>>> print(open('final_22.cif').read())   # mmCIF, C-alpha atoms
data_work
#
loop_
_atom_site.label_atom_id
_atom_site.label_comp_id
_atom_site.auth_asym_id
_atom_site.auth_seq_id
_atom_site.Cartn_x
_atom_site.Cartn_y
_atom_site.Cartn_z
CA MET A 1 30.56 159.84 54.23
CA THR A 2 28.27 162.66 55.34
CA PRO A 3 25.23 161.94 57.56
CA ALA A 4 22.91 162.71 54.63
CA ALA A 5 24.75 160.27 52.37
CA THR A 6 24.68 157.63 55.11
CA TYR A 7 20.91 158.01 55.56
CA ALA A 8 20.40 157.87 51.79
CA ALA A 9 22.45 154.65 51.54
CA LEU A 10 20.50 153.09 54.42
CA LEU A 11 17.19 154.12 52.84
CA ALA A 12 18.23 152.61 49.50
CA ALA A 13 19.29 149.38 51.22
CA LEU A 14 15.96 149.25 53.08
CA ILE A 15 13.98 149.78 49.88
CA LEU A 16 15.94 147.07 48.08
CA ALA A 17 15.44 144.66 50.98
CA PHE A 18 11.66 144.79 50.50
CA LEU A 19 11.48 144.89 46.71
CA PRO A 20 9.66 141.80 45.38
CA LYS A 21 11.40 139.20 43.26
CA PRO A 22 10.92 140.11 39.58
CA PRO A 23 10.24 137.27 37.13
CA LEU A 24 12.84 136.28 34.56
CA ARG A 25 11.00 133.70 32.44
CA GLU A 26 7.40 134.12 33.57
CA GLY A 27 5.15 135.19 30.70
CA LEU A 28 7.95 134.95 28.16
CA GLY A 29 7.00 133.17 24.94
CA ILE A 30 9.37 130.35 23.93
CA SER A 31 9.68 128.76 20.49
CA GLN A 32 9.22 125.03 20.00
CA ALA A 33 12.12 123.23 18.34
CA VAL A 34 11.95 119.89 16.52
CA TYR A 35 15.18 117.93 15.93
CA ASP A 36 16.03 114.76 14.03
CA ARG A 37 17.85 111.78 15.55
CA GLN A 38 21.24 113.40 14.92
CA GLY A 39 20.20 116.60 16.68
CA LYS A 40 19.76 118.63 13.50
CA LEU A 41 17.09 121.30 13.73
CA LEU A 42 14.09 120.45 11.54
CA ARG A 43 11.65 123.14 12.59
CA LEU A 44 11.54 126.16 14.86
CA THR A 45 8.19 127.76 15.62
CA LEU A 46 7.52 131.39 16.45
CA SER A 47 6.83 132.17 20.10
CA SER A 48 3.49 133.61 21.17
CA ASP A 49 4.84 137.15 20.67
CA GLY A 50 6.18 136.47 17.18
CA ARG A 51 9.83 135.87 18.10
CA TYR A 52 12.28 133.08 17.51
CA ARG A 53 13.41 132.49 21.08
CA LEU A 54 14.83 129.38 22.75
CA TRP A 55 15.66 129.22 26.44
CA VAL A 56 18.89 127.32 27.06
CA PRO A 57 20.63 126.77 30.44
CA LEU A 58 23.90 128.65 30.84
CA GLU A 59 25.96 125.46 30.91
CA ARG A 60 24.79 124.64 27.37
CA PHE A 61 26.39 127.78 25.96
CA SER A 62 30.03 127.42 24.97
CA PRO A 63 32.46 128.94 27.50
CA GLU A 64 33.93 130.95 24.61
CA LEU A 65 30.58 132.61 23.87
CA VAL A 66 30.13 133.49 27.53
CA ARG A 67 33.69 134.86 27.70
CA ALA A 68 33.32 136.86 24.48
CA THR A 69 29.99 138.34 25.58
CA LEU A 70 31.42 139.48 28.90
CA LEU A 71 34.54 140.84 27.20
CA HIS A 72 32.46 142.87 24.77
CA GLU A 73 29.55 143.95 26.95
CA ASP A 74 30.59 144.01 30.60
CA ARG A 75 34.12 143.07 31.67
CA HIS A 76 33.35 143.79 35.33
CA PHE A 77 30.09 141.84 35.40
CA ARG A 78 31.19 139.54 38.21
CA GLY A 79 32.27 142.43 40.44
CA HIS A 80 29.62 145.17 40.25
CA PRO A 81 26.28 145.31 42.13
CA GLY A 82 24.20 145.72 38.96
CA PHE A 83 25.50 149.02 37.67
CA ASN A 84 28.98 150.39 37.06
CA PRO A 85 29.34 154.05 38.14
CA VAL A 86 32.58 154.44 36.16
CA SER A 87 30.99 153.18 32.93
CA LEU A 88 27.91 155.36 33.44
CA ALA A 89 30.06 158.44 34.03
CA ARG A 90 32.20 157.65 30.98
CA GLY A 91 29.08 157.14 28.88
CA ALA A 92 27.55 160.43 30.04
CA TRP A 93 30.81 162.27 29.30
CA ARG A 94 31.11 160.90 25.78
CA SER A 95 27.39 161.26 25.01
CA TYR A 96 26.60 164.68 26.44
CA VAL A 97 29.89 166.52 27.01
CA ARG A 98 32.11 165.44 24.10
CA ALA A 99 29.05 164.54 21.99
CA ASP A 100 31.17 162.31 19.74
CA ARG A 101 28.84 159.32 19.89
CA ARG A 102 26.13 158.08 22.21
CA VAL A 103 27.42 155.62 24.82
CA GLY A 104 25.04 154.13 27.38
CA GLY A 105 27.42 152.62 29.91
CA SER A 106 24.90 149.91 30.79
CA THR A 107 25.94 146.67 32.43
CA ILE A 108 24.55 143.30 31.36
CA THR A 109 22.20 143.44 34.35
CA MET A 110 20.95 146.86 33.27
CA GLN A 111 20.48 145.64 29.70
CA LEU A 112 18.52 142.65 30.98
CA ALA A 113 16.32 144.99 33.03
CA ARG A 114 15.65 147.18 29.97
CA LEU A 115 14.89 144.24 27.68
CA ARG A 116 12.81 142.19 30.11
CA TYR A 117 10.71 144.99 31.54
CA GLY A 118 10.42 147.35 28.57
CA ILE A 119 12.24 150.28 30.16
CA ARG A 120 12.89 153.37 28.02
CA SER A 121 16.37 154.13 29.27
CA LYS A 122 17.25 157.12 27.07
CA THR A 123 15.63 159.54 29.52
CA LEU A 124 16.97 160.31 33.00
CA PRO A 125 13.89 158.87 34.79
CA GLY A 126 14.15 155.79 32.58
CA LYS A 127 17.85 155.38 33.32
CA LEU A 128 17.20 155.65 37.06
CA ARG A 129 14.42 153.06 36.82
CA GLN A 130 16.78 150.82 34.85
CA ILE A 131 19.43 151.08 37.58
CA LEU A 132 16.88 150.38 40.32
CA LYS A 133 15.56 147.34 38.43
CA ALA A 134 19.14 146.10 37.95
CA LEU A 135 19.75 146.35 41.70
CA GLN A 136 16.52 144.44 42.25
CA LEU A 137 17.64 141.68 39.88
CA GLU A 138 21.03 141.44 41.58
CA ARG A 139 19.38 141.13 44.97
CA HIS A 140 17.22 138.17 43.97
CA TYR A 141 19.29 136.31 41.36
CA SER A 142 22.83 134.99 41.07
CA LYS A 143 25.24 136.32 38.46
CA ASP A 144 24.88 133.07 36.49
CA GLU A 145 21.07 133.37 36.46
CA ILE A 146 21.27 136.96 35.24
CA LEU A 147 23.80 136.07 32.54
CA GLU A 148 21.70 133.10 31.44
CA ALA A 149 18.63 135.31 31.10
CA TYR A 150 20.53 137.93 29.13
CA LEU A 151 21.91 135.38 26.67
CA ASN A 152 18.42 134.02 26.17
CA ILE A 153 16.58 137.29 25.43
CA ALA A 154 19.22 139.60 23.92
CA PRO A 155 18.34 140.83 20.39
CA TYR A 156 20.27 139.31 17.49
CA GLY A 157 18.55 141.00 14.55
CA GLY A 158 15.01 140.96 13.18
CA ASN A 159 12.76 138.81 15.33
CA VAL A 160 15.57 136.54 16.53
CA GLU A 161 16.19 136.73 20.28
CA GLY A 162 18.66 134.80 22.36
CA ALA A 163 21.98 133.29 21.41
CA ALA A 164 20.53 129.78 21.18
CA ALA A 165 17.98 130.71 18.51
CA ALA A 166 20.55 132.89 16.70
CA SER A 167 23.08 130.07 16.68
CA ARG A 168 20.56 127.61 15.22
CA ILE A 169 19.16 130.01 12.63
CA PHE A 170 22.37 131.71 11.47
CA PHE A 171 24.85 128.83 11.71
CA GLY A 172 22.77 125.65 11.98
CA LYS A 173 24.56 124.76 15.22
CA SER A 174 23.82 124.53 18.91
CA PRO A 175 25.36 127.34 21.02
CA ALA A 176 27.89 124.83 22.33
CA GLU A 177 29.27 124.01 18.86
CA LEU A 178 30.26 127.45 17.59
CA GLY A 179 33.71 128.25 16.22
CA LEU A 180 35.57 131.37 17.31
CA SER A 181 34.51 133.52 14.34
CA GLU A 182 30.87 132.56 14.88
CA THR A 183 31.22 133.15 18.61
CA LEU A 184 32.63 136.66 18.14
CA SER A 185 29.93 137.46 15.58
CA LEU A 186 27.18 136.57 18.05
CA ALA A 187 28.90 138.45 20.87
CA VAL A 188 28.83 141.79 19.02
CA LEU A 189 25.33 141.52 17.51
CA PRO A 190 23.17 142.58 20.51
CA GLN A 191 24.94 145.94 20.81
CA ASN A 192 23.63 146.99 17.41
CA PRO A 193 21.46 144.27 15.84
CA THR A 194 19.99 146.62 13.22
CA ALA A 195 23.35 147.54 11.70
CA ARG A 196 25.09 144.21 12.29
CA GLY A 197 22.36 141.60 12.03
CA PRO A 198 20.82 139.82 9.03
CA GLY A 199 19.26 142.26 6.60
CA ALA A 200 21.82 145.00 7.24
CA ARG A 201 22.69 146.80 4.00
CA THR A 202 26.43 146.37 4.40
CA PRO A 203 28.45 143.94 6.53
CA GLU A 204 31.17 146.45 7.44
CA SER A 205 29.77 147.24 10.89
CA LEU A 206 29.72 143.57 11.88
CA ARG A 207 33.20 142.95 10.48
CA ALA A 208 34.68 145.99 12.24
CA ALA A 209 33.09 145.13 15.59
CA ARG A 210 34.15 141.49 15.33
CA ALA A 211 37.72 142.47 14.41
CA ALA A 212 37.91 144.87 17.36
CA LEU A 213 36.67 142.18 19.73
CA PHE A 214 39.15 139.68 18.24
CA ARG A 215 42.01 142.07 19.00
CA ARG A 216 40.89 142.31 22.61
CA TRP A 217 40.37 138.55 22.73
CA THR A 218 43.91 137.79 21.54
CA ARG A 219 45.42 140.16 24.09
CA GLU A 220 44.01 137.82 26.73
CA ARG A 221 44.47 134.63 24.70
CA PRO A 222 47.42 135.17 22.35
CA GLU A 223 47.43 131.48 21.40
CA ASP A 224 44.25 132.16 19.35
CA ALA A 225 45.85 134.85 17.16
CA ALA A 226 46.19 132.47 14.19
CA LEU A 227 42.55 131.36 14.23
#
>>> encode(input="final_22.cif", output="C-alpha cells")
Amino acid sequence: MTPAATYAALLAALILAFLPKPPLREGLGISQAVYDRQGKLLRLTLSSDGRYRLWVPLERFSPELVRATLLHEDRHFRGHPGFNPVSLARGAWRSYVRADRRVGGSTITMQLARLRYGIRSKTLPGKLRQILKALQLERHYSKDEILEAYLNIAPYGGNVEGAAAASRIFFGKSPAELGLSETLSLAVLPQNPTARGPGARTPESLRAARAALFRRWTRERPEDAAL
C-alpha cells in the first residue's frame, strides 16, 4: 500500500470512529395490530406516515425467510464491512460498460441506509453517501440488528413495508409460519416491488424471480427440490 493510500485509510478510519450512532427505529411510524385469542389478525392500522409497517424482532422471522433473503440480496452479508467492492464493480460494469441492465451492487446494509435515510443512490455523490452511511451503520450495530431493521422496513409493494406486515397482509400468517413458496415470494419482492408486488399487471416477473431463487436454494438444499 502506498503512503497516500495508507493515510487515506487512516483518515477514513478516524472519521468513522467519530461518526455518531444513527437511529434505526427512532421516528419510524409503526402500525398497530389487533389479534384474536387464536392469534389471527383482526385489524392493522396505518402508521403515522401512511404505511403498513410492523416491527418484529429477528428471532420471530422464520430461519428460511432470513436464509432466502440473504441468498437473494447479499450472500456475503456476514463477511463484508457494509459494502462489497466486487459487487459494486460488477454492477458498474454491467450498468455503464455493457449497458445490458442496471445493477446496483448494493449490500443489505447499503439498502438499509438508502431506505432509512432517504438517500438518492443513483448519482455518484449519492452512492458515496450510501456507502459512508453503511459503514456508519456497521460500526454501531451488529449484523443481526442491521438485518432485523432491513426486514422490517424493506418495501413489499404499495404501502406495505417490512416482511412482518407483508406476511400478515398477503398470506394471513406470521413471518414465522410461512411455507417455502411464500418465503421465496417475500424474499424477491423488495428488489422490484413495483413489478412483482400486488397490483402488478402481470405475475411473470414474480414467478421468474421466485423460480430463479428456488434453483439457487435447491443447490444448497437439494432435499427441498420436491417442495
>>> closest_residue(input="final_22.cif", among="A:Lys133, A:Arg216, A:Lys143, A:Arg43", to="Lys21 (chain A)", atoms="all atoms listed in the file")
A:Lys133
>>> resolve_selection(input="final_22.cif", expression="the PyMOL selection byres ((chain A and resi 104-121) around 10)", output="ChimeraX atom specification")
/A:22-25,28,69-70,73-77,80-92,94-95,101-103,122-138,143,146-147,149-155,191
>>> residues_around(input="final_22.cif", residues="region 176-178 of chain A", least_positions_apart="4", cutoff="6 Å", atoms="only C-alpha atoms", output="MDAnalysis selection string")
chainID A and resid 60:62 182:183
>>> atom_distance(input="final_22.cif", atom1="CA of Glu148 (chain A)", atom2="CA of Trp217 (chain A)")
21.3 Å
>>> closest_residue(input="final_22.cif", among="A:Pro198, A:Arg78, A:Thr218, A:Ile30", to="Ser142 (chain A)", atoms="all atoms listed in the file")
A:Arg78
>>> resolve_selection(input="final_22.cif", expression="the PyMOL selection byres ((chain A and resi 206) around 9)", output="list in words")
Ser185, Val188, Leu189, Asn192, Ala195, Arg196, Gly197, Thr202, Pro203, Glu204, Ser205, Arg207, Ala208, Ala209, Arg210 and Ala211 of chain A
>>> closest_residue(input="final_22.cif", among="A:Pro193, A:Gly199, A:Gly162, A:Gly172", to="Leu42 (chain A)", atoms="all atoms listed in the file")
A:Gly172
>>> atom_distance(input="final_22.cif", atom1="CA of Gln38 (chain A)", atom2="CA of Val56 (chain A)")
18.6 Å
